[in-house]
Every structure is written in structure tokens, then in C-alpha cells.
$ cat coords.txt   # compact mmCIF, C-alpha atoms
# COMPACT_ATOMS: atom_id res chain seq x y z
CA MET A 1 36.44 -1.21 1.03
CA SER A 2 35.81 2.07 -0.78
CA LEU A 3 33.56 4.83 0.56
CA LEU A 4 31.03 4.26 -2.25
CA GLU A 5 30.84 0.52 -1.51
CA ARG A 6 30.39 1.21 2.20
CA ARG A 7 27.58 3.64 1.46
CA TYR A 8 25.87 1.26 -0.96
CA ARG A 9 26.03 -1.51 1.64
CA SER A 10 24.35 0.89 4.09
CA VAL A 11 21.53 1.39 1.57
CA LEU A 12 21.20 -2.40 1.20
CA ARG A 13 20.44 -2.61 4.92
CA LEU A 14 16.91 -1.61 3.90
CA LEU A 15 16.50 -5.17 2.61
CA PRO A 16 15.50 -8.04 4.94
CA ALA A 17 18.50 -9.78 6.52
CA SER A 18 17.69 -13.14 4.93
CA TYR A 19 17.61 -11.53 1.46
CA ARG A 20 20.85 -9.65 2.09
CA ALA A 21 22.57 -12.84 3.13
CA GLU A 22 21.68 -14.31 -0.25
CA ARG A 23 22.03 -11.30 -2.55
CA GLU A 24 24.15 -8.58 -0.97
CA GLU A 25 27.51 -9.62 -2.40
CA GLU A 26 26.33 -9.93 -5.99
CA MET A 27 24.32 -6.69 -5.77
CA VAL A 28 27.42 -4.89 -4.50
CA ASP A 29 29.48 -6.49 -7.28
CA ALA A 30 27.01 -5.33 -9.95
CA PHE A 31 26.77 -1.83 -8.46
CA MET A 32 30.53 -1.36 -8.11
CA GLU A 33 31.18 -2.65 -11.63
CA MET A 34 28.59 -0.20 -12.94
CA SER A 35 30.05 2.70 -10.93
CA GLY A 36 33.68 2.07 -11.95
CA ASP A 37 36.63 3.31 -9.90
CA VAL A 38 35.63 6.40 -7.94
CA SER A 39 38.05 8.02 -5.54
CA ASP A 40 36.93 8.49 -1.93
CA GLU A 41 38.12 12.09 -2.20
CA LEU A 42 35.16 12.85 -4.47
CA ASN A 43 32.82 11.90 -1.59
CA PRO A 44 30.78 9.59 -3.86
CA ARG A 45 27.24 8.49 -2.97
CA PRO A 46 24.84 6.06 -4.66
CA ARG A 47 22.46 7.97 -6.95
CA TRP A 48 18.89 8.60 -5.84
CA GLY A 49 17.60 6.30 -8.59
CA GLU A 50 19.67 3.42 -7.21
CA ILE A 51 18.50 4.13 -3.64
CA ALA A 52 14.87 4.31 -4.83
CA SER A 53 15.18 0.97 -6.62
CA VAL A 54 16.54 -0.70 -3.46
CA LEU A 55 13.79 0.93 -1.39
CA ALA A 56 11.11 -0.34 -3.79
CA LEU A 57 12.63 -3.84 -3.66
CA ALA A 58 12.77 -3.66 0.16
CA LEU A 59 9.11 -2.69 0.45
CA ARG A 60 8.06 -5.49 -1.88
CA LEU A 61 10.10 -8.01 0.09
CA ARG A 62 9.13 -6.79 3.58
CA PHE A 63 5.43 -6.71 2.70
CA GLY A 64 5.73 -10.01 0.88
CA GLY A 65 3.23 -11.28 -1.65
CA ALA A 66 2.63 -14.80 -2.90
CA GLY A 67 5.83 -16.85 -2.88
CA ALA A 68 7.55 -14.74 -0.21
CA GLU A 69 9.02 -16.40 2.87
CA PRO A 70 6.23 -17.08 5.43
CA ARG A 71 7.13 -14.37 7.95
CA LEU A 72 7.43 -11.63 5.33
CA PHE A 73 4.22 -12.83 3.67
CA ALA A 74 2.47 -12.61 7.06
CA TRP A 75 3.63 -8.99 7.46
CA GLY A 76 2.46 -8.24 3.92
CA GLU A 77 -0.96 -9.72 4.65
CA THR A 78 -1.13 -7.69 7.88
CA VAL A 79 -0.54 -4.45 5.99
CA ARG A 80 -3.06 -5.38 3.30
CA LEU A 81 -5.73 -6.31 5.86
CA LEU A 82 -5.09 -3.08 7.78
CA ALA A 83 -5.63 -1.15 4.56
CA VAL A 84 -8.95 -2.92 3.98
CA LEU A 85 -10.15 -2.45 7.59
CA GLY A 86 -9.11 1.20 7.69
CA LEU A 87 -10.76 1.89 4.34
CA ALA A 88 -13.95 0.27 5.66
CA PHE A 89 -14.12 3.00 8.37
CA HIS A 90 -13.55 5.69 5.75
CA ALA A 91 -16.09 4.11 3.42
CA MET A 92 -18.74 4.49 6.14
CA GLY A 93 -17.74 8.15 6.56
CA GLY A 94 -17.99 8.64 2.80
CA VAL A 95 -21.57 7.37 2.87
CA TYR A 96 -22.62 9.87 5.60
CA THR A 97 -21.06 12.74 3.68
CA GLY A 98 -22.65 11.67 0.41
CA VAL A 99 -26.13 11.34 1.90
CA GLU A 100 -25.85 14.65 3.75
CA LEU A 101 -24.77 16.36 0.54
CA LEU A 102 -27.74 14.85 -1.28
CA ARG A 103 -30.14 16.04 1.44
CA THR A 104 -28.68 19.51 1.25
CA LEU A 105 -28.63 19.83 -2.52
CA VAL A 106 -31.85 18.03 -3.43
CA PHE A 107 -34.11 18.47 -0.42
CA GLN A 108 -32.60 21.75 0.87
CA VAL A 109 -32.33 20.28 4.40
CA GLU A 110 -30.02 22.51 6.46
CA PRO A 111 -28.83 24.50 3.40
CA GLY A 112 -26.42 26.41 5.64
CA LEU A 113 -24.21 23.31 5.76
CA ALA A 114 -23.13 23.76 2.16
CA GLY A 115 -23.33 27.54 1.69
CA ALA A 116 -25.78 29.43 -0.48
CA PRO A 117 -26.63 28.02 -3.91
CA GLY A 118 -24.12 29.26 -6.50
CA SER A 119 -21.64 30.41 -3.83
CA PHE A 120 -17.97 29.48 -3.60
CA GLU A 121 -18.72 27.76 -0.26
CA ARG A 122 -21.25 25.53 -2.05
CA LEU A 123 -18.65 24.60 -4.66
CA VAL A 124 -16.07 23.74 -1.97
CA ALA A 125 -18.65 21.70 -0.02
CA VAL A 126 -19.59 19.70 -3.11
CA VAL A 127 -15.96 19.05 -4.09
CA VAL A 128 -15.04 17.99 -0.54
CA SER A 129 -18.07 15.71 -0.21
CA LEU A 130 -17.34 14.08 -3.55
CA ALA A 131 -13.73 13.58 -2.46
CA TYR A 132 -14.91 11.88 0.76
CA LEU A 133 -17.16 9.64 -1.34
CA CYS A 134 -14.04 8.48 -3.17
CA SER A 135 -13.06 6.61 0.04
CA THR A 136 -16.21 4.52 -0.39
CA VAL A 137 -15.28 3.86 -4.02
CA ALA A 138 -11.75 2.92 -2.90
CA PHE A 139 -13.08 0.32 -0.46
CA VAL A 140 -15.40 -1.26 -3.03
CA ALA A 141 -12.58 -1.24 -5.61
CA ILE A 142 -10.05 -3.00 -3.39
CA MET A 143 -12.62 -5.56 -2.29
CA ARG A 144 -13.34 -6.32 -5.95
CA GLY A 145 -9.62 -6.57 -6.82
CA HIS A 146 -9.19 -3.27 -8.70
CA VAL A 147 -5.96 -2.11 -7.09
CA ARG A 148 -5.15 0.91 -9.25
CA THR A 149 -8.64 2.40 -8.94
CA ALA A 150 -8.55 1.79 -5.19
CA LYS A 151 -5.20 3.57 -4.82
CA ILE A 152 -6.22 6.63 -6.82
CA THR A 153 -9.62 7.04 -5.13
CA ALA A 154 -8.18 6.39 -1.65
CA VAL A 155 -5.66 9.21 -2.10
CA VAL A 156 -8.40 11.55 -3.37
CA GLY A 157 -10.67 10.47 -0.49
CA ALA A 158 -7.99 11.21 2.11
CA ALA A 159 -7.02 14.57 0.59
CA PRO A 160 -9.65 16.79 2.33
CA ALA A 161 -8.99 15.37 5.81
CA LEU A 162 -5.23 15.65 5.28
CA ALA A 163 -5.59 19.23 4.04
CA TYR A 164 -7.86 20.21 6.96
CA THR A 165 -5.40 18.81 9.50
CA LEU A 166 -2.04 19.51 7.87
CA ILE A 167 -2.65 23.10 6.76
CA PRO A 168 -3.57 24.41 10.25
CA MET A 169 -0.63 22.49 11.71
CA ILE A 170 1.78 24.05 9.22
CA LEU A 171 0.32 27.54 9.55
CA ALA A 172 -0.28 27.55 13.30
CA GLY A 173 3.16 26.52 14.49
CA PRO A 174 4.47 23.61 16.54
CA LEU A 175 2.60 20.34 16.66
CA MET A 176 2.39 20.44 20.45
CA ASP A 177 0.20 23.58 20.35
CA ARG A 178 -2.52 21.91 18.28
CA PRO A 179 -5.47 19.95 19.68
CA LEU A 180 -4.74 16.24 19.94
CA SER A 181 -7.67 15.49 17.63
CA GLU A 182 -5.77 16.95 14.64
CA PRO A 183 -2.73 14.63 14.63
CA ALA A 184 -5.11 11.78 15.58
CA THR A 185 -7.26 12.47 12.50
CA LEU A 186 -4.13 12.77 10.38
CA VAL A 187 -2.88 9.33 11.45
CA PHE A 188 -6.35 7.75 11.24
CA THR A 189 -6.76 9.05 7.69
CA ALA A 190 -3.26 8.48 6.38
CA VAL A 191 -2.37 5.03 7.76
CA PRO A 192 -4.92 2.96 5.77
CA VAL A 193 -4.02 4.83 2.56
CA ILE A 194 -0.28 4.32 3.14
CA ALA A 195 -0.94 0.64 3.91
CA LEU A 196 -2.89 0.36 0.65
CA LEU A 197 -0.13 2.01 -1.38
CA LEU A 198 2.64 -0.10 0.15
CA GLY A 199 0.91 -3.42 0.69
CA PHE A 200 -0.77 -3.93 -2.68
CA HIS A 201 2.35 -4.03 -4.87
CA SER A 202 2.88 -5.98 -8.07
CA ASP A 203 3.72 -9.25 -6.24
CA ALA A 204 0.54 -9.15 -4.15
CA THR A 205 -2.35 -10.68 -6.04
CA PRO A 206 -5.54 -8.90 -4.89
CA ARG A 207 -8.43 -11.13 -3.88
CA ARG A 208 -11.86 -10.51 -5.44
CA ARG A 209 -14.29 -10.68 -2.53
CA PRO A 210 -18.07 -11.03 -2.79
CA TRP A 211 -20.23 -7.96 -3.53
CA ALA A 212 -22.03 -8.42 -0.20
CA LEU A 213 -18.76 -7.83 1.67
CA ALA A 214 -17.72 -5.02 -0.65
CA LEU A 215 -20.95 -3.13 -0.03
CA SER A 216 -21.28 -3.90 3.71
CA PRO A 217 -19.79 -0.55 4.95
CA LEU A 218 -22.31 1.26 2.73
CA ALA A 219 -25.18 -0.64 4.33
CA ALA A 220 -23.66 -0.07 7.79
CA GLY A 221 -23.21 3.65 7.03
CA LEU A 222 -26.83 4.02 5.95
CA ALA A 223 -28.06 2.10 9.04
CA VAL A 224 -26.02 4.33 11.35
CA LEU A 225 -27.28 7.43 9.57
CA GLY A 226 -30.86 6.20 10.05
CA CYS A 227 -30.22 5.64 13.77
CA THR A 228 -28.75 9.15 14.07
CA TRP A 229 -31.81 10.76 12.48
CA LEU A 230 -34.06 8.64 14.71
CA LEU A 231 -32.20 9.77 17.85
CA VAL A 232 -32.42 13.39 16.78
CA ALA A 233 -36.16 13.03 16.06
CA LEU A 234 -36.84 11.34 19.42
CA ARG A 235 -35.17 14.18 21.35
CA LEU A 236 -34.39 11.85 24.26
CA PRO A 237 -33.25 13.64 27.41
CA ASP A 238 -29.71 12.91 28.66
CA ALA A 239 -28.90 10.83 25.58
CA ASP A 240 -25.49 12.35 24.79
CA TRP A 241 -23.79 9.05 25.57
CA LEU A 242 -25.94 7.32 22.92
CA TYR A 243 -24.47 9.54 20.19
CA LEU A 244 -21.04 8.22 21.16
CA TRP A 245 -22.08 4.82 19.79
CA LEU A 246 -22.85 6.35 16.39
CA ASP A 247 -20.49 7.26 13.56
CA LEU A 248 -17.08 5.81 14.54
CA GLY A 249 -18.67 4.65 17.79
CA THR A 250 -20.60 2.02 15.81
CA ALA A 251 -17.35 0.60 14.52
CA ILE A 252 -16.19 -0.10 18.09
CA PRO A 253 -18.65 -2.91 19.01
CA VAL A 254 -18.36 -4.33 15.46
CA TRP A 255 -14.56 -4.32 15.78
CA ALA A 256 -14.74 -5.78 19.32
CA THR A 257 -16.94 -8.65 18.12
CA GLY A 258 -14.46 -9.33 15.32
CA ALA A 259 -11.58 -9.17 17.79
CA VAL A 260 -13.20 -11.76 20.07
CA VAL A 261 -13.79 -14.04 17.06
CA VAL A 262 -10.13 -13.68 15.98
CA LEU A 263 -8.91 -14.39 19.54
CA THR A 264 -11.16 -17.36 20.23
CA ARG A 265 -10.71 -19.01 16.83
CA ARG A 266 -6.94 -18.45 16.89
CA SER A 267 -7.13 -16.93 13.41
CA SER A 268 -4.01 -16.34 11.36
CA PRO A 269 -1.39 -13.89 12.75
CA PRO A 270 -2.09 -11.29 10.02
CA TRP A 271 -5.74 -11.06 11.11
CA ALA A 272 -4.76 -10.63 14.77
CA LEU A 273 -2.11 -7.99 14.00
CA ALA A 274 -4.25 -6.06 11.51
CA MET A 275 -7.24 -6.06 13.87
CA SER A 276 -4.95 -4.85 16.65
CA ALA A 277 -3.66 -1.97 14.51
CA ALA A 278 -7.22 -1.08 13.41
CA GLY A 279 -8.29 -1.04 17.07
CA LEU A 280 -5.42 1.29 17.94
CA LEU A 281 -6.51 3.62 15.13
CA LEU A 282 -10.02 3.74 16.62
CA LEU A 283 -8.53 4.31 20.08
CA LEU A 284 -6.49 7.20 18.70
CA MET A 285 -9.70 8.87 17.56
CA ARG A 286 -11.42 8.29 20.91
CA VAL A 287 -8.72 9.41 23.37
CA PRO A 288 -8.92 13.15 22.47
CA LEU A 289 -12.62 13.10 23.44
CA LEU A 290 -11.69 12.37 27.07
CA GLY A 291 -10.29 15.87 27.42
CA ASN A 292 -13.29 17.55 25.80
CA LEU A 293 -16.26 15.90 27.48
CA PRO A 294 -17.64 16.93 30.89
CA ASP A 295 -17.75 14.33 33.66
CA GLY A 296 -20.84 12.16 33.43
CA SER A 297 -22.35 9.39 31.35
CA ALA A 298 -20.76 10.58 28.07
CA TRP A 299 -17.27 10.71 29.60
CA LEU A 300 -17.77 7.26 31.15
CA THR A 301 -18.93 5.90 27.79
CA VAL A 302 -15.74 7.10 26.09
CA CYS A 303 -13.70 5.65 28.97
CA ALA A 304 -15.39 2.29 28.49
CA GLN A 305 -14.79 2.43 24.73
CA CYS A 306 -11.10 3.26 25.24
CA ALA A 307 -10.69 0.46 27.78
CA LEU A 308 -12.34 -2.03 25.44
CA LEU A 309 -10.22 -0.94 22.48
CA TRP A 310 -6.97 -0.95 24.44
CA SER A 311 -7.44 -4.31 26.15
CA LEU A 312 -8.51 -6.18 23.01
CA ALA A 313 -5.89 -4.46 20.81
CA VAL A 314 -3.11 -5.48 23.21
CA ALA A 315 -4.41 -9.06 23.41
CA LEU A 316 -4.58 -9.26 19.61
CA ALA A 317 -1.05 -7.86 19.22
CA TRP A 318 0.30 -10.37 21.73
CA VAL A 319 -1.43 -13.34 20.08
CA GLY A 320 -0.47 -12.16 16.57
CA ALA A 321 3.18 -11.52 17.40
CA ARG A 322 3.55 -14.87 19.19
CA SER A 323 2.15 -16.89 16.32
CA LEU A 324 4.07 -15.16 13.51
CA PRO A 325 6.18 -17.65 11.51
CA ALA A 326 9.84 -17.61 12.54
CA ALA A 327 12.26 -15.52 10.52
CA ARG A 328 14.39 -17.51 8.09
CA PRO A 329 17.86 -17.71 9.57
CA ALA A 330 20.28 -15.43 7.75
CA LEU A 331 22.92 -17.52 6.02
CA GLN A 332 26.46 -16.31 6.34
CA PRO A 333 27.94 -15.46 2.94
CA MET B 1 2.68 -14.18 -15.30
CA ASN B 2 2.38 -10.65 -16.71
CA MET B 3 5.68 -10.05 -18.51
CA THR B 4 6.86 -6.47 -18.10
CA GLU B 5 9.31 -4.79 -20.47
CA PRO B 6 12.30 -5.14 -18.08
CA MET B 7 11.49 -8.86 -17.72
CA PHE B 8 11.24 -9.28 -21.49
CA LEU B 9 14.53 -7.47 -22.04
CA ALA B 10 16.31 -9.39 -19.24
CA LEU B 11 15.19 -12.71 -20.78
CA THR B 12 16.32 -11.52 -24.21
CA ALA B 13 19.70 -10.53 -22.74
CA LEU B 14 20.21 -14.14 -21.62
CA VAL B 15 19.33 -15.81 -24.93
CA ASP B 16 22.87 -16.00 -26.34
CA GLU B 17 24.87 -16.67 -23.18
CA PRO B 18 24.68 -16.68 -19.37
CA ARG B 19 25.36 -13.26 -17.87
CA HIS B 20 25.98 -11.80 -14.43
CA GLY B 21 24.08 -8.85 -12.90
CA TYR B 22 25.94 -5.97 -14.51
CA GLY B 23 26.24 -7.96 -17.76
CA ILE B 24 22.43 -8.08 -17.94
CA VAL B 25 22.19 -4.33 -17.19
CA GLN B 26 24.61 -3.58 -20.05
CA GLU B 27 22.87 -5.91 -22.50
CA VAL B 28 19.42 -4.50 -21.68
CA ASP B 29 20.81 -1.00 -22.25
CA ARG B 30 22.17 -2.13 -25.64
CA LEU B 31 18.98 -3.97 -26.67
CA SER B 32 16.77 -1.00 -25.86
CA VAL B 33 19.23 1.47 -27.43
CA GLY B 34 19.65 3.24 -24.09
CA ARG B 35 15.92 3.59 -23.41
CA VAL B 36 15.80 1.10 -20.50
CA GLN B 37 18.55 1.50 -17.93
CA LEU B 38 17.94 -1.00 -15.17
CA LYS B 39 18.83 0.04 -11.63
CA ILE B 40 20.41 -2.69 -9.53
CA GLY B 41 17.42 -2.94 -7.16
CA THR B 42 15.09 -3.25 -10.13
CA LEU B 43 17.30 -5.87 -11.80
CA TYR B 44 17.27 -8.13 -8.75
CA GLY B 45 13.51 -7.72 -8.36
CA VAL B 46 13.17 -8.87 -11.99
CA LEU B 47 15.61 -11.77 -11.47
CA ASP B 48 13.70 -12.86 -8.33
CA ARG B 49 10.44 -13.05 -10.28
CA LEU B 50 11.97 -14.79 -13.28
CA SER B 51 13.75 -17.31 -11.01
CA ALA B 52 10.56 -17.96 -9.03
CA ALA B 53 8.72 -18.64 -12.31
CA GLY B 54 11.51 -20.99 -13.44
CA LEU B 55 12.36 -18.83 -16.46
CA VAL B 56 15.99 -18.23 -15.45
CA ALA B 57 18.34 -20.32 -13.32
CA LEU B 58 21.72 -19.93 -11.68
CA ASP B 59 24.44 -21.00 -14.13
CA ARG B 60 27.62 -20.60 -12.07
CA GLU B 61 29.30 -18.54 -9.38
CA GLU B 62 32.67 -16.81 -9.57
CA ALA B 63 34.71 -14.73 -7.16
CA GLN B 64 35.73 -11.31 -8.51
CA GLN B 65 37.92 -9.03 -6.36
CA GLY B 66 36.70 -10.84 -3.26
CA ARG B 67 33.04 -10.42 -4.23
CA LEU B 68 30.56 -13.01 -5.39
CA ARG B 69 29.50 -12.89 -9.02
CA ARG B 70 26.57 -15.04 -10.12
CA TYR B 71 25.79 -15.86 -13.73
CA TYR B 72 22.23 -16.57 -14.82
CA ARG B 73 21.03 -18.56 -17.82
CA LEU B 74 17.77 -18.85 -19.69
CA THR B 75 15.89 -22.11 -18.96
CA ASP B 76 13.84 -24.03 -21.57
CA GLU B 77 10.68 -22.65 -19.91
CA GLY B 78 12.17 -19.16 -20.14
CA ALA B 79 12.93 -19.62 -23.85
CA ALA B 80 9.35 -20.82 -24.46
CA ALA B 81 7.87 -17.88 -22.50
CA LEU B 82 10.08 -15.44 -24.39
CA ARG B 83 9.09 -17.02 -27.73
CA ASP B 84 5.38 -16.71 -26.86
CA GLU B 85 5.75 -13.10 -25.75
CA ALA B 86 7.80 -12.18 -28.83
CA ALA B 87 5.14 -13.81 -31.08
CA ARG B 88 2.38 -11.90 -29.29
CA MET B 89 4.26 -8.61 -29.66
CA ALA B 90 5.05 -9.34 -33.33
CA ALA B 91 1.37 -10.07 -34.03
CA THR B 92 0.35 -6.79 -32.36
CA ALA B 93 3.00 -4.89 -34.35
CA GLU B 94 1.81 -6.62 -37.56
CA THR B 95 -1.77 -5.54 -36.88
CA ALA B 96 -0.69 -1.96 -36.21
CA THR B 97 1.39 -1.89 -39.39
CA ALA B 98 -1.46 -3.33 -41.49
CA ARG B 99 -3.92 -0.76 -40.15
CA LEU B 100 -1.51 2.09 -40.79
CA ARG B 101 -1.00 0.80 -44.35
CA ALA B 102 -4.77 0.70 -44.88
CA ARG B 103 -5.09 4.22 -43.50
CA MET B 104 -2.42 5.48 -45.90
CA ALA B 105 -4.06 3.64 -48.83
CA GLY B 106 -7.40 5.27 -47.92
CA GLY B 107 -5.83 8.69 -48.31
CA ALA B 108 -6.07 9.63 -44.64
CA THR B 109 -3.59 12.18 -43.39

$ encode --input "coords.txt" --output "C-alpha cells"
Amino acid sequence: MSLLERRYRSVLRLLPASYRAEREEEMVDAFMEMSGDVSDELNPRPRWGEIASVLALALRLRFGGAGAEPRLFAWGETVRLLAVLGLAFHAMGGVYTGVELLRTLVFQVEPGLAGAPGSFERLVAVVVSLAYLCSTVAFVAIMRGHVRTAKITAVVGAAPALAYTLIPMILAGPLMDRPLSEPATLVFTAVPVIALLLGFHSDATPRRRPWALALSPLAAGLAVLGCTWLLVALRLPDADWLYLWLDLGTAIPVWATGAVVVLTRRSSPPWALAMSAAGLLLLLMRVPLLGNLPDGSAWLTVCAQCALLWSLAVALAWVGARSLPAARPALQP
Amino acid sequence: MNMTEPMFLALTALVDEPRHGYGIVQEVDRLSVGRVQLKIGTLYGVLDRLSAAGLVALDREEAQQGRLRRYYRLTDEGAAALRDEAARMAATAETATARLRARMAGGAT
């Protein structure tokens, strides 16, 4: 076996074993016929275009769409559901940012938040807020089956958070020196977008869900914002722990209720696995708070949230992994 | 099924005779005058979709230098789908040509 063939076979290991068992030999035959005789002394490698085409095929097969083998389809559905759940969190965040921007620009509430009118700070604040709002658009778009719009707006929506976390990390040195909240935010922001980009490929037919579902994070975001303003207006003493149930904190009981429903109804493995991953993303955002809060009711609240997230996420992962369809046995060529 | 250009060209490559993987790559290159050069990963993605839709089928298998070589042929459904797509493309091209002719006749530059 020539060096080039050996290297091409290594690239083909990106493909699922069952697919390789069926296709590897003829793919190698086509590739080697196309490449012609190349001496090992030239240290030949498959071209980047060939590697990219195998990678694209591997992603489409591993995150299977309609017609894929059941196990690969289940993994594909898991990734697509994770994208939707993660974007729902970001859609809520987009609503807060949009409303706060509106309050600042139109009603001049806390004008310091967005810099002086006409200043560069004001321009940056407006651009960043509009970018965050794109996450809300992305969620609505994917729920209504508009994949391309969802992908573009999700990337734009994630850009500010990625820039705010990545740039300090790059400029300030090793990852270990940065606060844990920065890599946590990076993962929380990037994972749903990556899942969207990878999961919704050309073989995955997007479902058009009802408008009520598509707009639900907007309604939830507005409700949470209303509760926040109410809490601020009431000026309750010793109510720090209550704020921990707002913003992402609101998503925790909603997610926990969903998790219990998935566990008790024995929903499909993709739901269990995607809910587990979404819970771990929320946990990732909560754990850094443990190091920042003083002992007391707020710290205990975060502890309780982390315990809830961890226990249900593990249970969901266990149930999901156990009920995944079996892998198709790889046939020997 | 939305027929992409590589799918259309791969089906066209199989009209006259069954071909194996690299044979399809070569024929697509010839048909598109070098504009579309299918990578092997792309080719097999296209063949998977066309096979799943019943537009191409396995014709025969051969062993070449110890490796498996599979030949694919166009099915009747594939020929019908290709005919429909070609007619649609021809109608679009006809419309474009007619409009360009009218534009020229109107003295537009």
C-alpha cells in the first residue's frame, strides 16, 4: 500500500465505521485512480480540498438527516435540538438587550449605559445591542424553518460575546489566568451556534414550528425583564438570592420542568441528550458564580441551582445514552 | 428533491453508459468544460442522495488491483428526473434568451 493511499485511508476514518465498511474501498479506488502513480519519496498527501470534502461528508453522515441510519439520525436530532434550546437562551438575552437599548435611546433611562448621544461609545453600544438582537431573529428563523437566515443571524448574534471573551484571552495571556466566567461564556455562546451550523445541513429538513413556540422566548424575556424592574422598584431587603432566579436563572426552573417531563415520559433519546447538554451549558454559566458570591442565601441559591442542573443533566444523559438505537454492525469488506 | 448542479451533472454522466466513481468525476469535468471538478467526498455524497432517491442504482462490481470498483447506472426514474430538470432549465434559458432579444430589439444597450 502506497503512502498516499495510507494517508487517504486515515482521512476516511472521519467517516462512520458502517459507512466505511460499505464505501471505503471504492472511494480509495476512485481517489487513487485520480491521483495516478505518485512515489512515496515525494511525501504525497491528499489535497486540502479532498480532505474538506470527506470532512463535509462525515459531518452530514454523523449528524444524520432524514433517511440516515437510526443511530446517526438520533445524534443529528440531538445536535439540532441542542441548537434550538441554546438559541432559545440567547433569544431571551437578545430581548433584554433590545429593550434596554430602546429605554436608553428613546426614554433616556440610564443614558450612561450607552455613552453620550453622538459619541463613539453610543455607536458601539447600538451596534452591539443590534447584534445581540440577531440571536432572537436566529431563534425565530430556525423555528420557522429558515435555515440560512438563522445561521447568518446566529453568527452575528454570537459575535459580540465571542469578541468580548476571546480578545481579552488572546491579549492577556494563558487561559488559566483568566476568570472562569470567560471560557464559560465562550462555550455557552459558541456551542449552540456550532450545533446550528453543523446540524442543519442539506440532508436535514427543518421543521416549521408554530409561531407561538417561535415567539415564546421573546414573551419569556419580556416577562423576566418585567419581574426584574419590579424587584428593583420594590427595593426588598436581603433579596439578592431572588435576582439569581432572573435572567439565566429563569431558564433553570423552566429547563428542570422540561427535564422531568422528558424523564417521566421516556421521550426520544435526542430530547434526553439535547436537554442534558443544554443543562450542562447552564451549569457552566452558574459554577463561576460560586467563587464570586459571599456565603449566605445567594451562595446557597447558586449551590441549589448547580445541584439541580447537575443531577438532572446526568440522569438525562444516562437515559438518553441507554435508549439510543444500536449502531449498525460494520460489515467486513 | 432539489437537484443541485453536481447531481444534474452526475446523472447526465450516466446517461450513455454505467460508470464507476472516477469515471463519473472525469465525465462531469468534461461535461462542464472543467468548471465542476468533483472531489471524491462530494461525489459519494451525491451518489448517496441519488441512490436514496432511486435515481441511480448499482450496475456491477469489479476488482481492480485488489480494490473494489462499483459501476452505477441511471434508472428509469433517474432518466425521467433528468428529463424534467433539463426541460425546466431549457425553458428558463429560452425565457432569458427571448428577453435579451427583446431588449436588443428595443435598442437598449

$ closest_residue --input "coords.txt" --among "B:Ser51, B:Gly21, B:Gln64, B:Gly41" --to "Leu14 in chain A" --atoms "all atoms listed in the file"
B:Gly41

$ atom_distance --input "coords.txt" --atom1 "CA of Leu9 in chain B" --atom2 "CA of Val54 in chain A"
19.9 Å

$ closest_residue --input "coords.txt" --among "A:Leu15, A:Ala21, A:Gly115, A:Met34" --to "chain B" --atoms "only C-alpha atoms"
A:Met34

$ interface_residues --input "coords.txt" --of "chain A" --to "chain B" --cutoff "8 Å" --atoms "all atoms listed in the file" --output "ChimeraX atom specification"
/A:25-31,33-34,49-51,53-57,67

$ residues_around --input "coords.txt" --residues "Trp211 in chain A" --least-positions-apart "2" --cutoff "9 Å" --atoms "all atoms listed in the file" --output "PyMOL selection string"
chain A and resi 140+143-144+208-209+213-216

$ residues_around --input "coords.txt" --residues "Pro44 in chain A" --least-positions-apart "5" --cutoff "10 Å" --atoms "all atoms listed in the file" --output "list in words"
Ser2, Leu3, Leu4, Glu5, Arg7, Ser35, Val38 and Ser39 of chain A
